[in-house]
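Note: the block below is my_file25.cif and it holds mmCIF, C-alpha atoms (C1' of nucleotides).
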```cif
data_upload
loop_
_atom_site.label_atom_id
_atom_site.label_comp_id
_atom_site.auth_asym_id
_atom_site.auth_seq_id
_atom_site.Cartn_x
_atom_site.Cartn_y
_atom_site.Cartn_z
CA MET D 1 76.41 -59.03 75.26
CA ALA D 2 73.88 -61.05 73.31
CA ASP D 3 71.74 -57.91 73.17
CA LEU D 4 74.52 -56.01 71.48
CA ASP D 5 75.06 -58.95 69.14
CA GLN D 6 71.45 -58.70 68.08
CA THR D 7 71.42 -54.93 67.80
CA PHE D 8 74.55 -54.70 65.69
CA ALA D 9 73.42 -57.64 63.54
CA ALA D 10 70.03 -56.00 62.98
CA LEU D 11 71.77 -52.83 61.83
CA SER D 12 74.25 -54.63 59.58
CA ASP D 13 71.83 -54.77 56.66
CA THR D 14 71.23 -51.85 54.29
CA THR D 15 67.54 -52.62 53.90
CA ARG D 16 67.00 -52.69 57.65
CA ARG D 17 68.88 -49.43 58.19
CA ALA D 18 66.68 -47.89 55.48
CA LEU D 19 63.62 -49.15 57.34
CA VAL D 20 64.89 -47.56 60.51
CA ALA D 21 65.40 -44.31 58.64
CA GLN D 22 61.85 -44.45 57.32
CA LEU D 23 60.49 -45.15 60.77
CA ALA D 24 62.30 -42.13 62.13
CA GLU D 25 59.79 -40.10 60.09
CA GLY D 26 57.06 -41.65 62.16
CA GLU D 27 54.88 -44.69 62.57
CA ALA D 28 53.99 -46.54 59.36
CA PRO D 29 52.15 -49.64 58.18
CA LEU D 30 54.26 -52.49 56.92
CA SER D 31 52.98 -52.14 53.34
CA ASP D 32 54.02 -48.49 53.23
CA LEU D 33 57.43 -49.41 54.55
CA ALA D 34 57.77 -52.14 51.96
CA ALA D 35 56.75 -50.01 48.98
CA PRO D 36 60.18 -48.45 48.22
CA PHE D 37 61.94 -51.81 48.09
CA ASP D 38 62.33 -54.09 45.11
CA MET D 39 61.53 -57.08 47.22
CA SER D 40 58.49 -59.11 48.23
CA LEU D 41 56.34 -58.00 51.13
CA THR D 42 57.28 -61.24 52.84
CA ALA D 43 60.96 -60.32 52.69
CA VAL D 44 60.33 -56.91 54.23
CA SER D 45 58.12 -58.54 56.83
CA LYS D 46 61.08 -60.74 57.80
CA HIS D 47 63.37 -57.73 58.05
CA ILE D 48 60.86 -56.02 60.30
CA ARG D 49 60.71 -59.14 62.42
CA VAL D 50 64.49 -59.06 62.82
CA LEU D 51 64.26 -55.44 63.94
CA SER D 52 61.39 -56.29 66.23
CA ASP D 53 63.26 -59.25 67.75
CA ALA D 54 66.15 -56.88 68.41
CA GLY D 55 63.76 -54.51 70.17
CA LEU D 56 64.25 -51.78 67.60
CA VAL D 57 60.70 -51.75 66.31
CA ALA D 58 57.33 -52.16 68.00
CA ILE D 59 54.51 -53.66 65.98
CA GLU D 60 50.93 -52.83 66.80
CA LYS D 61 48.02 -54.45 65.03
CA ARG D 62 45.10 -52.17 64.31
CA GLY D 63 42.48 -53.72 62.07
CA ARG D 64 44.19 -55.55 59.27
CA THR D 65 47.27 -53.38 59.19
CA ARG D 66 50.38 -53.61 61.35
CA TYR D 67 51.76 -50.26 62.38
CA CYS D 68 55.46 -50.17 63.10
CA ARG D 69 57.28 -47.61 65.13
CA LEU D 70 60.88 -47.11 66.05
CA GLN D 71 62.16 -47.99 69.50
CA ALA D 72 65.55 -46.42 69.73
CA GLY D 73 66.64 -47.79 73.12
CA PRO D 74 68.94 -50.53 71.82
CA MET D 75 70.58 -48.06 69.49
CA LYS D 76 71.58 -46.04 72.48
CA SER D 77 73.29 -49.11 73.94
CA ALA D 78 75.16 -49.62 70.69
CA ALA D 79 76.15 -45.97 70.59
CA ASP D 80 77.28 -46.19 74.20
CA TRP D 81 79.47 -49.19 73.42
CA LEU D 82 81.02 -47.37 70.50
CA SER D 83 81.58 -44.21 72.48
CA ASP D 84 84.11 -46.06 74.64
CA TYR D 85 86.39 -45.87 71.61
CA GLN D 86 85.69 -42.28 70.71
CA THR D 87 88.90 -40.90 72.18
CA PHE D 88 90.67 -43.64 70.30
CA TRP D 89 89.44 -42.63 66.86
CA ASP D 90 89.83 -38.96 67.71
CA ASP D 91 93.48 -39.64 68.50
CA GLN D 92 93.96 -41.61 65.33
CA LEU D 93 92.39 -38.94 63.18
CA GLU D 94 94.45 -36.31 64.91
CA SER D 95 97.69 -38.19 64.38
CA LEU D 96 96.65 -38.84 60.80
CA GLY D 97 96.16 -35.11 60.40
CA ARG D 98 99.52 -34.44 61.96
CA HIS D 99 101.07 -36.95 59.62
CA LEU D 100 99.50 -35.32 56.58
CA ARG D 101 100.59 -31.87 57.66
CA GLU D 102 104.08 -33.28 58.14
CA GLU D 103 104.11 -34.80 54.66
CA THR D 104 103.03 -31.68 52.82
CA LYS D 105 105.57 -29.55 54.58
CA MET F 106 76.24 -48.37 52.74
CA ALA F 107 78.16 -51.58 52.20
CA ASP F 108 80.85 -50.19 54.48
CA LEU F 109 78.37 -49.77 57.28
CA ASP F 110 77.04 -53.26 56.57
CA GLN F 111 80.53 -54.62 57.10
CA THR F 112 81.26 -52.53 60.16
CA PHE F 113 78.06 -53.39 61.98
CA ALA F 114 78.39 -57.04 61.01
CA ALA F 115 81.97 -57.14 62.31
CA LEU F 116 80.79 -55.72 65.62
CA SER F 117 77.81 -58.05 65.92
CA ASP F 118 79.88 -60.84 67.45
CA THR F 119 80.80 -60.96 71.15
CA THR F 120 84.21 -62.47 70.46
CA ARG F 121 85.08 -59.75 67.98
CA ARG F 122 83.93 -56.97 70.28
CA ALA F 123 86.12 -58.52 72.98
CA LEU F 124 89.04 -58.50 70.56
CA VAL F 125 88.40 -54.83 69.85
CA ALA F 126 88.37 -54.16 73.59
CA GLN F 127 91.68 -55.96 74.00
CA LEU F 128 93.20 -54.02 71.15
CA ALA F 129 92.15 -50.77 72.75
CA GLU F 130 94.80 -51.59 75.38
CA GLY F 131 97.36 -51.48 72.62
CA GLU F 132 98.94 -53.47 69.83
CA ALA F 133 99.14 -57.24 70.40
CA PRO F 134 100.23 -60.42 68.63
CA LEU F 135 97.48 -62.72 67.45
CA SER F 136 98.48 -65.48 69.89
CA ASP F 137 98.14 -63.11 72.84
CA LEU F 138 94.76 -62.01 71.60
CA ALA F 139 93.64 -65.60 71.20
CA ALA F 140 94.78 -66.76 74.64
CA PRO F 141 91.66 -65.71 76.62
CA PHE F 142 89.27 -67.52 74.29
CA ASP F 143 88.17 -71.12 74.50
CA MET F 144 88.57 -71.50 70.77
CA SER F 145 91.24 -72.59 68.33
CA LEU F 146 93.83 -70.12 67.12
CA THR F 147 92.46 -70.62 63.63
CA ALA F 148 89.03 -69.44 64.76
CA VAL F 149 90.46 -66.29 66.33
CA SER F 150 92.54 -65.75 63.23
CA LYS F 151 89.34 -65.78 61.20
CA HIS F 152 87.70 -63.28 63.53
CA ILE F 153 90.69 -60.99 63.18
CA ARG F 154 90.42 -61.33 59.43
CA VAL F 155 86.78 -60.23 59.58
CA LEU F 156 87.81 -57.19 61.61
CA SER F 157 90.66 -56.52 59.23
CA ASP F 158 88.41 -56.82 56.16
CA ALA F 159 86.11 -54.29 57.81
CA GLY F 160 89.07 -51.95 58.27
CA LEU F 161 88.88 -52.14 62.05
CA VAL F 162 92.23 -53.81 62.57
CA ALA F 163 95.59 -53.42 60.90
CA ILE F 164 97.88 -56.43 60.80
CA GLU F 165 101.60 -55.98 60.59
CA LYS F 166 103.97 -58.92 60.21
CA ARG F 167 107.20 -58.63 62.17
CA GLY F 168 109.24 -61.81 62.18
CA ARG F 169 106.97 -64.75 62.73
CA THR F 170 104.36 -62.85 64.69
CA ARG F 171 101.48 -60.75 63.41
CA TYR F 172 100.87 -57.64 65.43
CA CYS F 173 97.34 -56.32 65.37
CA ARG F 174 96.23 -52.83 66.19
CA LEU F 175 92.92 -51.11 66.31
CA GLN F 176 91.83 -48.76 63.54
CA ALA F 177 88.84 -46.94 64.90
CA GLY F 178 87.82 -45.00 61.79
CA PRO F 179 84.93 -47.23 60.72
CA MET F 180 83.60 -47.18 64.27
CA LYS F 181 83.29 -43.45 63.98
CA SER F 182 81.15 -43.88 60.85
CA ALA F 183 78.92 -46.32 62.72
CA ALA F 184 78.65 -43.94 65.66
CA ASP F 185 77.84 -41.10 63.29
CA TRP F 186 75.05 -43.12 61.71
CA LEU F 187 73.62 -43.93 65.12
CA SER F 188 73.88 -40.36 66.32
CA ASP F 189 71.24 -39.35 63.76
CA TYR F 190 68.77 -41.10 66.06
CA GLN F 191 70.07 -39.71 69.31
CA THR F 192 67.33 -37.12 69.72
CA PHE F 193 64.90 -39.90 69.01
CA TRP F 194 65.99 -42.15 71.83
CA ASP F 195 66.43 -39.18 74.15
CA ASP F 196 62.80 -38.28 73.50
CA GLN F 197 61.64 -41.83 74.04
CA LEU F 198 63.52 -42.17 77.30
CA GLU F 199 62.19 -38.84 78.45
CA SER F 200 58.60 -39.76 77.67
CA LEU F 201 59.17 -43.10 79.34
CA GLY F 202 60.36 -41.23 82.40
CA ARG F 203 57.34 -38.95 82.27
CA HIS F 204 55.14 -41.98 82.00
CA LEU F 205 56.75 -43.63 85.01
CA ARG F 206 56.47 -40.47 87.08
CA GLU F 207 52.82 -40.28 86.08
CA GLU F 208 52.22 -43.87 87.15
CA THR F 209 53.73 -43.57 90.59
CA LYS F 210 51.82 -40.42 91.33
"C1'" DC G 211 28.01 -62.19 50.29
"C1'" DA G 212 32.08 -61.47 47.23
"C1'" DA G 213 36.29 -59.36 46.21
"C1'" DA G 214 40.20 -56.89 47.43
"C1'" DT G 215 43.74 -55.78 51.05
"C1'" DA G 216 47.29 -56.60 54.75
"C1'" DG G 217 49.95 -59.68 56.33
"C1'" DT G 218 51.67 -64.41 58.12
"C1'" DC G 219 53.32 -69.14 57.63
"C1'" DA G 220 55.74 -72.95 55.72
"C1'" DA G 221 58.77 -74.87 52.58
"C1'" DC G 222 62.50 -74.30 49.90
"C1'" DC G 223 67.10 -72.36 47.89
"C1'" DG G 224 71.87 -70.60 47.62
"C1'" DA G 225 75.26 -68.15 50.04
"C1'" DA G 226 77.54 -66.84 54.18
"C1'" DT G 227 79.08 -67.76 59.33
"C1'" DA G 228 81.37 -69.78 63.04
"C1'" DG G 229 83.62 -73.35 64.24
"C1'" DT G 230 86.59 -77.71 63.76
"C1'" DT G 231 90.94 -80.53 62.30
"C1'" DC G 232 95.02 -81.40 59.79
"C1'" DA G 233 98.71 -80.28 56.91
"C1'" DC G 234 101.66 -76.78 55.79
"C1'" DT G 235 105.04 -72.40 55.67
"C1'" DG G 236 108.13 -69.23 57.90
"C1'" DT G 237 110.85 -67.82 61.68
"C1'" DT G 238 113.40 -68.12 65.92
"C1'" DA G 239 116.10 -70.58 69.44
"C1'" DG G 240 118.86 -74.37 71.37
"C1'" DC E 241 120.60 -78.79 62.07
"C1'" DT E 242 116.54 -79.62 64.66
"C1'" DA E 243 112.82 -78.51 67.40
"C1'" DA E 244 109.47 -75.36 68.80
"C1'" DC E 245 106.53 -71.42 67.73
"C1'" DA E 246 103.24 -68.18 65.07
"C1'" DG E 247 100.19 -68.35 61.97
"C1'" DT E 248 97.80 -69.60 57.36
"C1'" DG E 249 95.14 -72.58 54.09
"C1'" DA E 250 92.05 -76.07 52.71
"C1'" DA E 251 88.41 -79.06 53.54
"C1'" DC E 252 84.51 -80.15 56.07
"C1'" DT E 253 80.12 -79.45 59.12
"C1'" DA E 254 76.11 -77.29 61.08
"C1'" DT E 255 73.55 -73.21 61.37
"C1'" DT E 256 71.84 -68.83 59.95
"C1'" DC E 257 70.52 -65.40 56.41
"C1'" DG E 258 68.19 -63.16 52.75
"C1'" DG E 259 65.33 -64.08 49.47
"C1'" DT E 260 61.55 -66.58 46.79
"C1'" DT E 261 56.72 -68.70 45.99
"C1'" DG E 262 52.21 -70.37 47.23
"C1'" DA E 263 48.66 -71.22 50.41
"C1'" DC E 264 46.33 -69.32 54.09
"C1'" DT E 265 43.91 -65.95 57.76
"C1'" DA E 266 41.81 -61.84 58.95
"C1'" DT E 267 39.81 -57.51 57.87
"C1'" DT E 268 37.64 -53.98 55.14
"C1'" DT E 269 34.91 -52.45 51.17
"C1'" DG E 270 31.50 -52.62 47.43
#
```
Give the structure from the file, written as structure tokens.
Amino acid sequence: MADLDQTFAALSDTTRRALVAQLAEGEAPLSDLAAPFDMSLTAVSKHIRVLSDAGLVAIEKRGRTRYCRLQAGPMKSAADWLSDYQTFWDDQLESLGRHLREETK
Amino acid sequence: MADLDQTFAALSDTTRRALVAQLAEGEAPLSDLAAPFDMSLTAVSKHIRVLSDAGLVAIEKRGRTRYCRLQAGPMKSAADWLSDYQTFWDDQLESLGRHLREETK
DNA sequence: CAAATAGTCAACCGAATAGTTCACTGTTAG
DNA sequence: CTAACAGTGAACTATTCGGTTGACTATTTG
């Protein structure tokens, strides 16, 4: 429960989802990750910490740079939770479609 | 972007996910939804408002009761976003498995 | 050694969250 | 008509969040 809280919360911020997207390209140092954002390094560092606390990112210190890499496990849990409702939204979209077809008849 | 922010944020609370689960059983009045929680009706009302603002719940007033029902559309968007990383976590779990098999050899 | 680089830590700020209580509005039932 | 019921709204509190700046540590480079 609390895990899902943390995972969904971590993903509820545009900046953090962008970081995740960057990390999907591969491991990267924090400074590289921070570069695209109009925001202090400290701010990005905090975002990375949120992701790391949620288990979505692993941080490894090599020399003076911290390399970050994606850990997708918790995302699978989130996706699994959502998938319980898949039939539900399929049904709704289908009935919406039916409704639209009905209207334009 | 902001839509996903709102959707993930709405789902980042245990109480709200429980409400979603209840609503998956079908339409229900707010008071019924609130009953299981050790929390004021006002608090649950606020949670429902968060879900409603995120487009996850539709509220329909009939007489003095508000009936709530699930609208799963935004959940599909969230699931779609997550699914971009599916291969990623599959790979990680697979390599984890390989690693474990290696260890116990 | 000295200077630049990579990053953290602590303190602070304003806005948002999650909850409370109390007063209130509408609606239904006796 | 009156009482109970379903729910909202406003005000308040404590905590968290997203961001800043400035001082600091550790590491690499010239």
Which residues are close to Gln6 of chain D, i.e. within 12 Å by all atoms listed in the file, leaving aside same-chain residues fewer than 3 positions away? Reply as JSON, numbers by chain.
{"D": [1, 2, 3, 9, 10, 11, 12, 50, 51, 52, 53, 54, 55, 56, 74, 75, 77, 78], "F": [113, 114, 116, 117, 118, 119]}
Just give me the residues with any atom within 10 Å of (92.9, -78.7, 61.2), file coordinates, counting only C-alpha atoms (C1' of nucleotides), written as a list of chain:residue names.
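Within the cut-off we find F:Ser145, F:Thr147, G:DT230, G:DT231, G:DC232, G:DA233, E:DG249, E:DA250, E:DA251, E:DC252.
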Do a neighbour search on Met39 of chain D at 10 Å with all atoms listed in the file, toss out local chain neighbours closer than 5 positions, and write the hits as an MDAnalysis selection string.
(chainID D and resid 34 44) or (chainID E and resid 259:260)
Residues returned when the PyMOL selection byres ((chain G) within 9 of (chain D)) runs on this file, as number ranges by chain:
G: 215-218
Which residues match the PyMOL selection byres ((chain E and resi 257) around 8) in the file above, as a VMD selection string?
(chain G and resid 226) or (chain E and resid 256 258)
Please write the residues from the selection above to a file, keeping C-alpha atoms (C1' of nucleotides), as a tab-separated table (two decimals), in the frame of the given file.
```
chain	number	residue	atom	x	y	z
G	226	DA	C1'	77.54	-66.84	54.18
E	256	DT	C1'	71.84	-68.83	59.95
E	258	DG	C1'	68.19	-63.16	52.75
```
Here's a check: after a least-squares fit over all in-order C-alpha atoms, write chain D in the frame of chain F, as a compact mmCIF listing (two decimals) with C-alpha atoms, in the coordinates of the input.
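And here is the file that came out, selection08.txt:
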```txt
# COMPACT_ATOMS: atom_id res chain seq x y z
CA MET D 1 76.28 -48.37 52.78
CA ALA D 2 78.17 -51.60 52.25
CA ASP D 3 80.86 -50.19 54.53
CA LEU D 4 78.37 -49.78 57.32
CA ASP D 5 77.05 -53.27 56.62
CA GLN D 6 80.52 -54.63 57.15
CA THR D 7 81.27 -52.53 60.21
CA PHE D 8 78.06 -53.39 62.02
CA ALA D 9 78.39 -57.06 61.04
CA ALA D 10 81.97 -57.14 62.34
CA LEU D 11 80.79 -55.73 65.66
CA SER D 12 77.81 -58.08 65.95
CA ASP D 13 79.88 -60.87 67.48
CA THR D 14 80.82 -61.00 71.17
CA THR D 15 84.24 -62.49 70.48
CA ARG D 16 85.09 -59.77 67.98
CA ARG D 17 83.95 -56.99 70.31
CA ALA D 18 86.15 -58.55 73.01
CA LEU D 19 89.06 -58.50 70.57
CA VAL D 20 88.42 -54.85 69.88
CA ALA D 21 88.39 -54.18 73.61
CA GLN D 22 91.71 -55.97 74.01
CA LEU D 23 93.21 -54.03 71.14
CA ALA D 24 92.16 -50.78 72.75
CA GLU D 25 94.83 -51.58 75.37
CA GLY D 26 97.38 -51.48 72.61
CA GLU D 27 98.95 -53.46 69.82
CA ALA D 28 99.16 -57.23 70.37
CA PRO D 29 100.24 -60.39 68.59
CA LEU D 30 97.50 -62.70 67.41
CA SER D 31 98.49 -65.47 69.84
CA ASP D 32 98.18 -63.11 72.80
CA LEU D 33 94.79 -62.00 71.57
CA ALA D 34 93.69 -65.59 71.17
CA ALA D 35 94.83 -66.76 74.61
CA PRO D 36 91.72 -65.71 76.61
CA PHE D 37 89.33 -67.53 74.29
CA ASP D 38 88.23 -71.13 74.48
CA MET D 39 88.61 -71.51 70.78
CA SER D 40 91.28 -72.58 68.30
CA LEU D 41 93.86 -70.10 67.09
CA THR D 42 92.46 -70.60 63.61
CA ALA D 43 89.04 -69.43 64.76
CA VAL D 44 90.46 -66.28 66.32
CA SER D 45 92.54 -65.73 63.21
CA LYS D 46 89.31 -65.76 61.18
CA HIS D 47 87.68 -63.27 63.54
CA ILE D 48 90.68 -60.99 63.17
CA ARG D 49 90.40 -61.32 59.42
CA VAL D 50 86.77 -60.23 59.58
CA LEU D 51 87.80 -57.19 61.61
CA SER D 52 90.65 -56.52 59.23
CA ASP D 53 88.38 -56.82 56.18
CA ALA D 54 86.09 -54.29 57.84
CA GLY D 55 89.05 -51.96 58.30
CA LEU D 56 88.87 -52.15 62.07
CA VAL D 57 92.22 -53.81 62.59
CA ALA D 58 95.59 -53.43 60.88
CA ILE D 59 97.86 -56.44 60.76
CA GLU D 60 101.59 -56.01 60.53
CA LYS D 61 103.95 -58.92 60.15
CA ARG D 62 107.19 -58.64 62.08
CA GLY D 63 109.23 -61.82 62.08
CA ARG D 64 106.95 -64.75 62.63
CA THR D 65 104.36 -62.87 64.63
CA ARG D 66 101.48 -60.76 63.36
CA TYR D 67 100.88 -57.64 65.39
CA CYS D 68 97.35 -56.31 65.35
CA ARG D 69 96.26 -52.83 66.18
CA LEU D 70 92.93 -51.12 66.31
CA GLN D 71 91.83 -48.77 63.56
CA ALA D 72 88.85 -46.97 64.93
CA GLY D 73 87.82 -45.01 61.82
CA PRO D 74 84.92 -47.24 60.77
CA MET D 75 83.59 -47.18 64.30
CA LYS D 76 83.29 -43.46 64.03
CA SER D 77 81.15 -43.90 60.91
CA ALA D 78 78.92 -46.33 62.77
CA ALA D 79 78.66 -43.97 65.72
CA ASP D 80 77.85 -41.12 63.35
CA TRP D 81 75.05 -43.13 61.76
CA LEU D 82 73.63 -43.95 65.16
CA SER D 83 73.88 -40.38 66.36
CA ASP D 84 71.25 -39.37 63.81
CA TYR D 85 68.78 -41.13 66.10
CA GLN D 86 70.09 -39.74 69.35
CA THR D 87 67.36 -37.15 69.77
CA PHE D 88 64.92 -39.92 69.04
CA TRP D 89 66.00 -42.17 71.89
CA ASP D 90 66.42 -39.19 74.19
CA ASP D 91 62.80 -38.29 73.51
CA GLN D 92 61.65 -41.83 74.07
CA LEU D 93 63.51 -42.14 77.34
CA GLU D 94 62.17 -38.80 78.44
CA SER D 95 58.59 -39.72 77.64
CA LEU D 96 59.15 -43.06 79.33
CA GLY D 97 60.33 -41.17 82.39
CA ARG D 98 57.32 -38.91 82.22
CA HIS D 99 55.10 -41.94 81.94
CA LEU D 100 56.67 -43.57 84.98
CA ARG D 101 56.39 -40.41 87.03
CA GLU D 102 52.75 -40.23 85.97
CA GLU D 103 52.10 -43.82 87.04
CA THR D 104 53.60 -43.52 90.49
CA LYS D 105 51.70 -40.37 91.24
```
Do me a favour and pick out the residues of chain E within 12 Å of chain F, using all atoms listed in the file, as an NGL selection string.
:E and (245-249)
Could you write out the selected residues, including C-alpha atoms (C1' of nucleotides), as a CSV table (one decimal), in the frame of the given file?
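And here is the file that came out, result.csv:
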```csv
chain,number,residue,atom,x,y,z
E,245,DC,C1',106.5,-71.4,67.7
E,246,DA,C1',103.2,-68.2,65.1
E,247,DG,C1',100.2,-68.4,62.0
E,248,DT,C1',97.8,-69.6,57.4
E,249,DG,C1',95.1,-72.6,54.1
```
Got a sec to resolve the PyMOL selection byres ((chain E and resi 241) around 12) on this structure and send the residues as a ChimeraX atom specification?
/G:239-240 /E:242-243
State, in Å with one decimal place, the distance from atom CA of Arg69 of chain D to atom CA of Leu23 of chain D.
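Spanning atom CA of Arg69 of chain D to atom CA of Leu23 of chain D is a straight-line distance of 5.9 Å.
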Between atom CA of Leu187 of chain F and atom CA of Lys151 of chain F, what distance in Å does the model show, to one decimal?
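Between these atoms lies a distance of 27.2 Å.
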Between atom C1' of DC222 of chain G and atom C1' of DG262 of chain E, measure the distance and give it in Å to one decimal.
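Spanning atom C1' of DC222 of chain G to atom C1' of DG262 of chain E is a straight-line distance of 11.3 Å.
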From the options D:Val57, D:Ala28, D:Leu70, D:Ala43, which residue's atoms come nearest to chain F, counting only C-alpha atoms?
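The answer is D:Leu70, which sits nearest to chain F.
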Choose the residue, out of F:Asp137, F:Asp143, F:Ala163, F:Gln127, that has the smallest atom-to-atom separation from Gln176 of chain F; count only C-alpha atoms.
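Of F:Asp137, F:Asp143, F:Ala163, F:Gln127, the one nearest Gln176 of chain F, counting only C-alpha atoms, is F:Ala163.
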